[in-house]
Each structure stands twice: as C-alpha cells, then as structure tokens.
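To start, the structure itself, in structure tokens.
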Amino acid sequence: MTITTPAARVRRGLLYATLIALVVVFIAPLVWAISGSFKGRGDIFETPPRLIPDPITGQNYANLLGTQPFFAWFGMSVGTALIATVVSVFVCALAGYGFAKFRFRGRRVLFTIMFSSLSIPFAVILVPLFILVVKSGLSTPWFSLIVPWVAPAFGIFMMQQFIVQSIPDDIIEAARIDGTTEFGTFWRIVLPLLRPSLGALAVWSFLQTYNSFLWPLVLISDQNQYTLPLGLNILFASENRSYDLVLAGAVLASIPTILVFILLRKQLLEGLIAGAVKG
Amino acid sequence: MMSTHTELTVLPKNLRRRHGGRNLRGGAAPYLFIAPFYLLYALFMIVPVFAAIVLSTTEWVGIGAPTFIGFDNYLDLARDTSFGGALVNSGIYTLIAVIIVVPVSLLVAQGLNAQGLKFRDAFRVAYFVPMVISPIVIALIFSLILDRDYGLLNASLHALFGLPNVDWLGDPTIAKFAIGFVLLWRTVGYLTIFFLAALQNVPKELYEAAALDGAGRWRTFTTVTLPSIRPVAAFVVVTSFISAAQLFDEPYLLTKGGPGESTLSVAMFIFRAAFERQQFGYAAAAGVVLFAVVFIVSQALNRILGIGRDQ
C-alpha cells in the first residue's frame, strides 16, 4: 500500500514524530547521565543541561576509581554473572533437550512442576534461601550470589522450544545409528546447531544476574565483595550523596550489558519472542 | 532485571498434545539429561518454597531454634497496618503495570507495526535499551532527575512553563506514580517487542476481510487484532502483573518506601521484617501471603484472558 492521500501523509508524519519523541524519552535520561558523568560536581544540575560538558572532565571517574574498590565490585558482578550464565545455559540446554527429544515416564509432571513455579515471586523464597545459603556454610559470594540464577525455569522452557523448532529428529536418529552415545549426540550435534539460541539464553542469564540487587543486598556485607548495584547504592546513600561518583559508576556499570546487547541483540530479541509468541 | 518479567503461563503445545510426534526413547538417558537442572532446581527453588511455609508458622530471630506458633504470624499480618499498606501499594503498582504499561506497550507496538515503516528495527532496539540497564542504575538516574530542588524535570518545567517545583518523590500520592512512571519507562520497550511480534503474526487476510466489510480502525482493532494477539496479550499481562507484584528496586532506591510508608511494597516489607528486624518467621509468612495472592490473581487473569483455550 502506498501512501497517497494528504490525510494519510499527515498521519504518517505524526507517527514518525511520536516514535522519535519516544526515542528521546527512552534515551534522554541516559544521555543526561553520560553527559553529567563528565561534568564537574557543580555543573551536573545546571539548567538547561549542556549536552557536551564545558569543560569536559574525567575527574568523577578518577575520584571513583581512586576512592572506591570499583574494580573489585566490577569483578564480582561480571565474574558471578559469567559463572551463573555458563551453569544455567548448560543445565537448561541439557534439560531442554531431554524434554524436547525424549518421551519418558513423569515427563509431563516434571515439566508442569517446573512450569507452574514461574509465577513464584523471588521475595517468597528470599528468606528461606538466605537461611539455606548462610547455614550451609558455603558463604563465599562466588557460590551464594549465583544460587538464585543457576536453574531458571524460563531458560529450560526457552531451550525446549528452540530444540523442538530447530533440531529435526532425523539428525538424532542418524547419530544413534552411527553408534554415538546419547551425550555425544547432544554435545557434538545438538549444541552446535543451537548456538544462536544459546546466545539468547546466555544474554538473558547474564542480564539477570548482573543486574540483580535484592539478593546481593541481603547477602553481602563486606564492601570489598560488593557487586556494582550494591556499590552504587552505598555511594548514593552516603552522607554527601556522591552523585558525581554515582553517575560515573552508573555509566561504567552499564558498559558490559550495553556491549553484550549491541553484539547479541538480534539473538536476544528473537529468542525472547520465540519463547513467548510461538509457544 | 528480568528476574521475573519472563514468566510464561501457557504450556507449550507439544506438551499439551497427548500423542506427540516423537518416538525417540533412550532408557535412562532423558533422566540424566534433566537431572542437573532438577537437582539445582529442587535445592534452590522447591526446598525454599516449602521451607517458607514451615518457617511461616514459627517465630525465629535467626539464631537458636525456631518456636512453633501456628498461624500467629498470619493473624499478626492481618492486623499489621504496615503490611496492609504494603499490599495496597503493591496492588497499585500492579494496576499501573496492567492498566497503563501494558496498553501503552500495545500502542507503541501498533505504531511500529505500521505498513512500510522505516527504521522499525532501530526504534525497537532503542526502546529496548532501558531493559538491559540495571534497575538500580535507572532508579539512581531518575532519583536525580526527579529531585525536588535540583532535578532536571522540575528545572525544565519551571523554565518552560514557569511551574513551581513538584515534590515528585516526597509527596505520598505523587511518589507512587513517580515509581509507576519509572516502572513504565523501564518495561515498555521490553513488552513492546512481544506485542510487535504478535501483531506481525496476524494474517493479512483478516485485515483485508475486515476492510471489505467496511470496518473502521477501532472495529478492526477489537474484532481482528485483539482476538488474534490474545495469547501474547495474556502472557504480557500476567508477566507484568507478577513482576510488578514483587517490585523492590524502585521503591527501595527512589523513596526508601516513604514518605512514611506510603510507597512501601510487599517485597520491601519482607526485606525489612527479615533483615532489619530479624523477624524471619514473620517475613516468611508475608512471603507466603504474597505467593497466595499472586497465584490466585494470575490464575484469575489467565481465566479471564482465556489462556489454554485453543482458538
């Protein structure tokens, strides 16, 4: 359909104007934060805000890195998020494959149990999970921080969907006839075919863990073991509201997730949609 | 970020079907494939859920042995105005999510679905960006923008319209909606991608038939679009409801639950009971109540929106 009438052209113009205005709404606060992170403490709240700071200063970043264990926080956030991602993607791919390509006793029941727990708010298990982790004596943050994210029901569901859609039974049958072990089939044939979907689940898992706040908040009290959200929170809550450092930290903390998103946005968006829409 | 916005509520078709096409079997193999997941899952999900129920019948300060007190925690919760207020506030957040955020997302998706739209993908990606940023970072930025004295918003309103400063985060009523707005800002782009995908799946013939019948825009929307996207709409509604019901980051960072307790959410109530007052049993009971409410409402939403009914 081509746009012909003047009325339709006006409507189209209004549509573009609205969509662009929305881009501004979603991006402007971020631009303001990035720009502010390069301003002197006194200029952050200048009105109207200058897009390009004058003068541009890296002082906030220098102060942040100089006075706070920022790299420790960064390492803790990225490290735990990576571990949680690897573990969850692996167990979800395994289990998704089990559900997608095998029929076995208890299959429906097991799937339904996992499935129905999708509606359990995290706050419900917060207290018992905290007690479990603390009492288990495994209080190293490298273990305790990842606990809520290693077996996401959503991940198994996503994997199951992908495998049903993209791995034909014939390939698996053929591998079996060749005498490949069940795990060998999974590892050498199924996993490589799943690569794009694994990427989607990996991004999703990483974002989950990296951005989590409530769980690390109750768990970690040693400042050197903070994750980025905890560190930013404490800077913000501090007596003199160090918003200059907070803005610099917010920008640095967002770089990994923005990068991951830019690199893998296609897989992530398609993956999320495949899980929900085509189900 | 998405600890919760991705819950699904429909069993996949291939599991609903009794006689699936698969005839692959492998003895113990399937159990070994699903074992690692279920081991972690049982330990970190199923055990805690049951432990919450048991714990909710006890009084426990975190050390020593818990004392069994039956349903006392629940009776106390029923009388606790602070918990009642938190339930109301979380109710308001879920209403904002379902009644405002979801329709706005659908509207944005409709806009993006316009025929021959240029830069569709760029728009979609731009709107999604807030979703990959930590809710804490977002809350920090907005707490600076919404600041009564220095914030960008008041400064702009003052400069453009000469409006007096509004206490966005300090007024009991406005603060609830400020939190609702940040929730909207953070999730609209995410929900939009689901609606857009659903809209793109609506068969073109249906629209052509409606046009032949002389149906206007609104009629086409209610008779063609809405029924076609119902499963996805139901997913989005229930998902938004569940994540708003456990909202924590925004009220914790933007308002500390205040002023007073006027923005306190249930998740914040649980956090405070357990980790500021060491009332672990009481906090667990509040969690069980939250669970019950979320479960019942999401089941009801599923019924109303017709999930599981095959068209």
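Labels for the structure tokens follow display order: chains A, B, ..., residues from 1 in each chain, ligands from 1.
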Practice item. Tell me which protein, DNA and RNA residues are within 12 Å of A:Pro55, counting only C-alpha atoms, leaving out same-chain ones fewer than 5 positions away, and put them as a ChimeraX atom specification. Key: /A:35-44,50
Using only C-alpha atoms, select each residue of chain A with any atom at most 7 Å away from an atom of chain B, and give the selection as an mmCIF file with C-alpha atoms, in the first residue's frame.
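After the write, iface-v9.cif holds the following:
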data_model
loop_
_atom_site.group_PDB
_atom_site.id
_atom_site.type_symbol
_atom_site.label_atom_id
_atom_site.label_comp_id
_atom_site.auth_asym_id
_atom_site.auth_seq_id
_atom_site.Cartn_x
_atom_site.Cartn_y
_atom_site.Cartn_z
ATOM 1 C CA LEU A 15 3.511 8.582 13.671
ATOM 2 C CA VAL A 23 13.233 7.517 21.436
ATOM 3 C CA PHE A 26 13.896 6.484 26.485
ATOM 4 C CA ALA A 33 23.635 10.679 32.863
ATOM 5 C CA PHE A 45 22.477 20.045 37.760
ATOM 6 C CA THR A 47 19.905 24.228 33.634
ATOM 7 C CA VAL A 91 21.788 -27.248 32.576
ATOM 8 C CA CYS A 92 18.929 -25.632 30.647
ATOM 9 C CA LEU A 94 20.623 -30.393 28.737
ATOM 10 C CA ALA A 95 17.165 -30.440 30.300
ATOM 11 C CA GLY A 98 15.675 -34.089 27.477
ATOM 12 C CA LYS A 101 13.514 -35.171 22.260
ATOM 13 C CA PHE A 102 12.588 -37.924 24.683
ATOM 14 C CA ARG A 103 9.392 -39.404 25.981
ATOM 15 C CA ARG A 108 4.522 -34.103 31.887
ATOM 16 C CA LEU A 118 7.267 -19.495 37.027
ATOM 17 C CA SER A 119 4.732 -17.488 38.986
ATOM 18 C CA ILE A 120 6.573 -17.649 42.306
ATOM 19 C CA PRO A 121 7.888 -14.186 43.204
ATOM 20 C CA ALA A 123 10.535 -12.373 47.550
ATOM 21 C CA VAL A 124 8.717 -15.567 48.577
ATOM 22 C CA ILE A 125 11.871 -17.668 48.694
ATOM 23 C CA VAL A 127 14.197 -15.622 53.453
ATOM 24 C CA PRO A 128 14.453 -19.447 53.291
ATOM 25 C CA LEU A 129 17.040 -19.263 50.515
ATOM 26 C CA VAL A 147 22.355 -19.557 43.620
ATOM 27 C CA PRO A 148 19.038 -17.980 42.542
ATOM 28 C CA ALA A 151 18.286 -23.119 37.367
ATOM 29 C CA PHE A 154 12.304 -19.822 31.854
ATOM 30 C CA GLU A 182 23.397 -40.021 23.867
ATOM 31 C CA LEU A 207 21.496 -9.674 32.500
ATOM 32 C CA GLN A 208 19.512 -11.400 35.244
ATOM 33 C CA ASN A 211 21.514 -6.528 37.304
ATOM 34 C CA SER A 212 20.195 -8.241 40.414
ATOM 35 C CA PRO A 229 24.493 -2.269 42.132
ATOM 36 C CA ALA A 250 26.416 4.094 36.567
ATOM 37 C CA SER A 254 26.232 -0.202 32.143
ATOM 38 C CA THR A 257 25.415 -5.031 29.403
ATOM 39 C CA ILE A 258 25.118 -2.441 26.644
ATOM 40 C CA ILE A 273 9.910 -13.714 21.130
ATOM 41 C CA ALA A 276 6.604 -16.332 24.219
ATOM 42 C CA VAL A 277 4.914 -15.861 20.872
ATOM 43 C CA GLY A 279 4.861 -21.201 22.200
#
Exercise for review: Can you work out which one of A:Phe70, A:Phe122, A:Phe162, A:Trp149 has the shortest atom-to-atom distance to A:Ala100, counting only C-alpha atoms?
Suggested key: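 For A:Ala100, the nearest of the given residues is A:Phe162.
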Point to revise | Residues near stretch 166-170 of chain B, cut-off 7 Å, only C-alpha atoms, skip fewer than 4 positions along chain, as a VMD selection string | key: chain B and resid 146 148 154 174 to 175 178 255 259
Review point. Near A:Thr209, within 8 Å and counting only C-alpha atoms, which residues show up once chain neighbours fewer than 4 positions away are dropped, as a PyMOL selection string?
Key: (chain A and resi 77+80-81+84+146+149+205) or (chain B and resi 1)
Secondary structure check, helix (DSSP H, G or I) residues of stretch 13-101 of chain B, as a PDB file with C-alpha atoms, in the first residue's frame:
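Just written: states.pdb:
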ATOM      1  CA  LYS B  13       1.604 -27.087  22.598  1.00  0.00           C
ATOM      2  CA  ASN B  14       3.880 -30.038  22.141  1.00  0.00           C
ATOM      3  CA  LEU B  15       3.441 -30.895  25.800  1.00  0.00           C
ATOM      4  CA  ARG B  16      -0.268 -30.313  25.792  1.00  0.00           C
ATOM      5  CA  ALA B  29      19.236 -41.032  29.163  1.00  0.00           C
ATOM      6  CA  PRO B  30      16.381 -38.495  29.447  1.00  0.00           C
ATOM      7  CA  TYR B  31      16.571 -38.620  33.229  1.00  0.00           C
ATOM      8  CA  LEU B  32      20.289 -37.958  33.116  1.00  0.00           C
ATOM      9  CA  PHE B  33      19.719 -35.002  30.804  1.00  0.00           C
ATOM     10  CA  ILE B  34      17.209 -33.356  33.094  1.00  0.00           C
ATOM     11  CA  ALA B  35      18.891 -34.371  36.370  1.00  0.00           C
ATOM     12  CA  PRO B  36      21.350 -31.458  36.753  1.00  0.00           C
ATOM     13  CA  PHE B  37      18.594 -28.926  36.273  1.00  0.00           C
ATOM     14  CA  TYR B  38      16.185 -30.598  38.683  1.00  0.00           C
ATOM     15  CA  LEU B  39      18.876 -31.089  41.295  1.00  0.00           C
ATOM     16  CA  LEU B  40      19.645 -27.359  41.385  1.00  0.00           C
ATOM     17  CA  TYR B  41      16.013 -26.532  40.970  1.00  0.00           C
ATOM     18  CA  ALA B  42      14.877 -28.708  43.871  1.00  0.00           C
ATOM     19  CA  LEU B  43      17.585 -27.345  46.123  1.00  0.00           C
ATOM     20  CA  PHE B  44      17.213 -23.656  45.338  1.00  0.00           C
ATOM     21  CA  MET B  45      13.527 -23.376  44.457  1.00  0.00           C
ATOM     22  CA  ILE B  46      11.349 -26.214  45.704  1.00  0.00           C
ATOM     23  CA  VAL B  47      13.026 -26.640  49.086  1.00  0.00           C
ATOM     24  CA  PRO B  48      12.883 -22.885  49.833  1.00  0.00           C
ATOM     25  CA  VAL B  49       9.193 -22.709  48.917  1.00  0.00           C
ATOM     26  CA  PHE B  50       8.322 -25.453  51.386  1.00  0.00           C
ATOM     27  CA  ALA B  51      10.754 -24.047  53.920  1.00  0.00           C
ATOM     28  CA  ALA B  52       8.942 -20.706  53.643  1.00  0.00           C
ATOM     29  CA  ILE B  53       5.661 -22.372  54.538  1.00  0.00           C
ATOM     30  CA  VAL B  54       7.201 -24.182  57.523  1.00  0.00           C
ATOM     31  CA  LEU B  55       9.102 -21.100  58.649  1.00  0.00           C
ATOM     32  CA  ASP B  72       0.008 -16.433  64.785  1.00  0.00           C
ATOM     33  CA  ASN B  73       2.183 -14.760  62.162  1.00  0.00           C
ATOM     34  CA  TYR B  74      -0.740 -14.693  59.757  1.00  0.00           C
ATOM     35  CA  LEU B  75      -3.060 -13.274  62.401  1.00  0.00           C
ATOM     36  CA  ASP B  76      -0.487 -10.603  63.190  1.00  0.00           C
ATOM     37  CA  LEU B  77      -0.099  -9.795  59.496  1.00  0.00           C
ATOM     38  CA  ALA B  78      -3.849  -9.336  59.211  1.00  0.00           C
ATOM     39  CA  ARG B  79      -3.669  -6.704  61.965  1.00  0.00           C
ATOM     40  CA  THR B  81      -1.358  -1.802  59.086  1.00  0.00           C
ATOM     41  CA  SER B  82       2.119  -1.564  57.633  1.00  0.00           C
ATOM     42  CA  PHE B  83       1.615  -4.895  55.799  1.00  0.00           C
ATOM     43  CA  GLY B  84      -1.878  -3.863  54.737  1.00  0.00           C
ATOM     44  CA  GLY B  85      -0.453  -0.638  53.342  1.00  0.00           C
ATOM     45  CA  ALA B  86       2.280  -2.555  51.521  1.00  0.00           C
ATOM     46  CA  LEU B  87      -0.339  -4.843  49.948  1.00  0.00           C
ATOM     47  CA  VAL B  88      -2.291  -1.804  48.774  1.00  0.00           C
ATOM     48  CA  ASN B  89       0.838  -0.134  47.374  1.00  0.00           C
ATOM     49  CA  SER B  90       1.928  -3.265  45.542  1.00  0.00           C
ATOM     50  CA  GLY B  91      -1.655  -3.540  44.311  1.00  0.00           C
ATOM     51  CA  ILE B  92      -1.331  -0.023  42.900  1.00  0.00           C
ATOM     52  CA  TYR B  93       1.962  -0.931  41.202  1.00  0.00           C
ATOM     53  CA  THR B  94       0.369  -3.981  39.597  1.00  0.00           C
ATOM     54  CA  LEU B  95      -2.601  -1.886  38.455  1.00  0.00           C
ATOM     55  CA  ILE B  96      -0.248   0.654  36.905  1.00  0.00           C
ATOM     56  CA  ALA B  97       1.571  -2.212  35.182  1.00  0.00           C
ATOM     57  CA  VAL B  98      -1.554  -3.906  33.842  1.00  0.00           C
ATOM     58  CA  ILE B  99      -3.796  -0.921  33.116  1.00  0.00           C
ATOM     59  CA  ILE B 100      -1.214   1.607  31.924  1.00  0.00           C
ATOM     60  CA  VAL B 101       2.071  -0.061  30.983  1.00  0.00           C
TER      61      VAL B 101
END
Review point. Out of A:Val24, A:Leu232, A:Met76, A:Ala175, which residue has the shortest atom-to-atom distance to A:Trp142 when counting only C-alpha atoms?
Key: A:Met76
Check your understanding: What is the distance, in Å and to one decimal place, between atom CA of B:Leu199 and atom CA of A:Gln160?
Key ->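 So the answer is 24.0 Å.
The interatomic distance for the pair atom CA of B:Glu261 and atom CA of B:Gly180 works out to 15.9 Å.
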Exercise for review: Please measure the separation of atom CA of A:Leu110 and atom CA of A:Pro152, giving the value in Å to one decimal.
Suggested key: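 For atom CA of A:Leu110 relative to atom CA of A:Pro152, the distance reads 14.4 Å.
You can rank B:Pro227, B:Ile296, B:Thr220, B:Thr192 by their closest distance to B:Pro103 using only C-alpha atoms, and at the top of that list sits B:Thr192.
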Check your understanding: With distances taken over only C-alpha atoms, which of B:Thr225, B:Trp218, B:Lys176, B:Ser240 is nearest to B:Gly257?
Key ->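 Ranked by minimum distance to B:Gly257, first place goes to B:Lys176.
Within the 9 Å cut-off around stretch 260-264 of chain A, using only C-alpha atoms and omitting residues fewer than 5 positions from it on the same chain, the listed residues are Gly199, Ala200, Val203, Ile255 and Leu269 of chain A; Val129 and Val132 of chain B.
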Check your understanding: Residues at most 7 Å from B:Leu305, counting only C-alpha atoms, excluding those fewer than 3 positions away in the same chain, as a ChimeraX atom specification?
Key -> /B:234,301-302
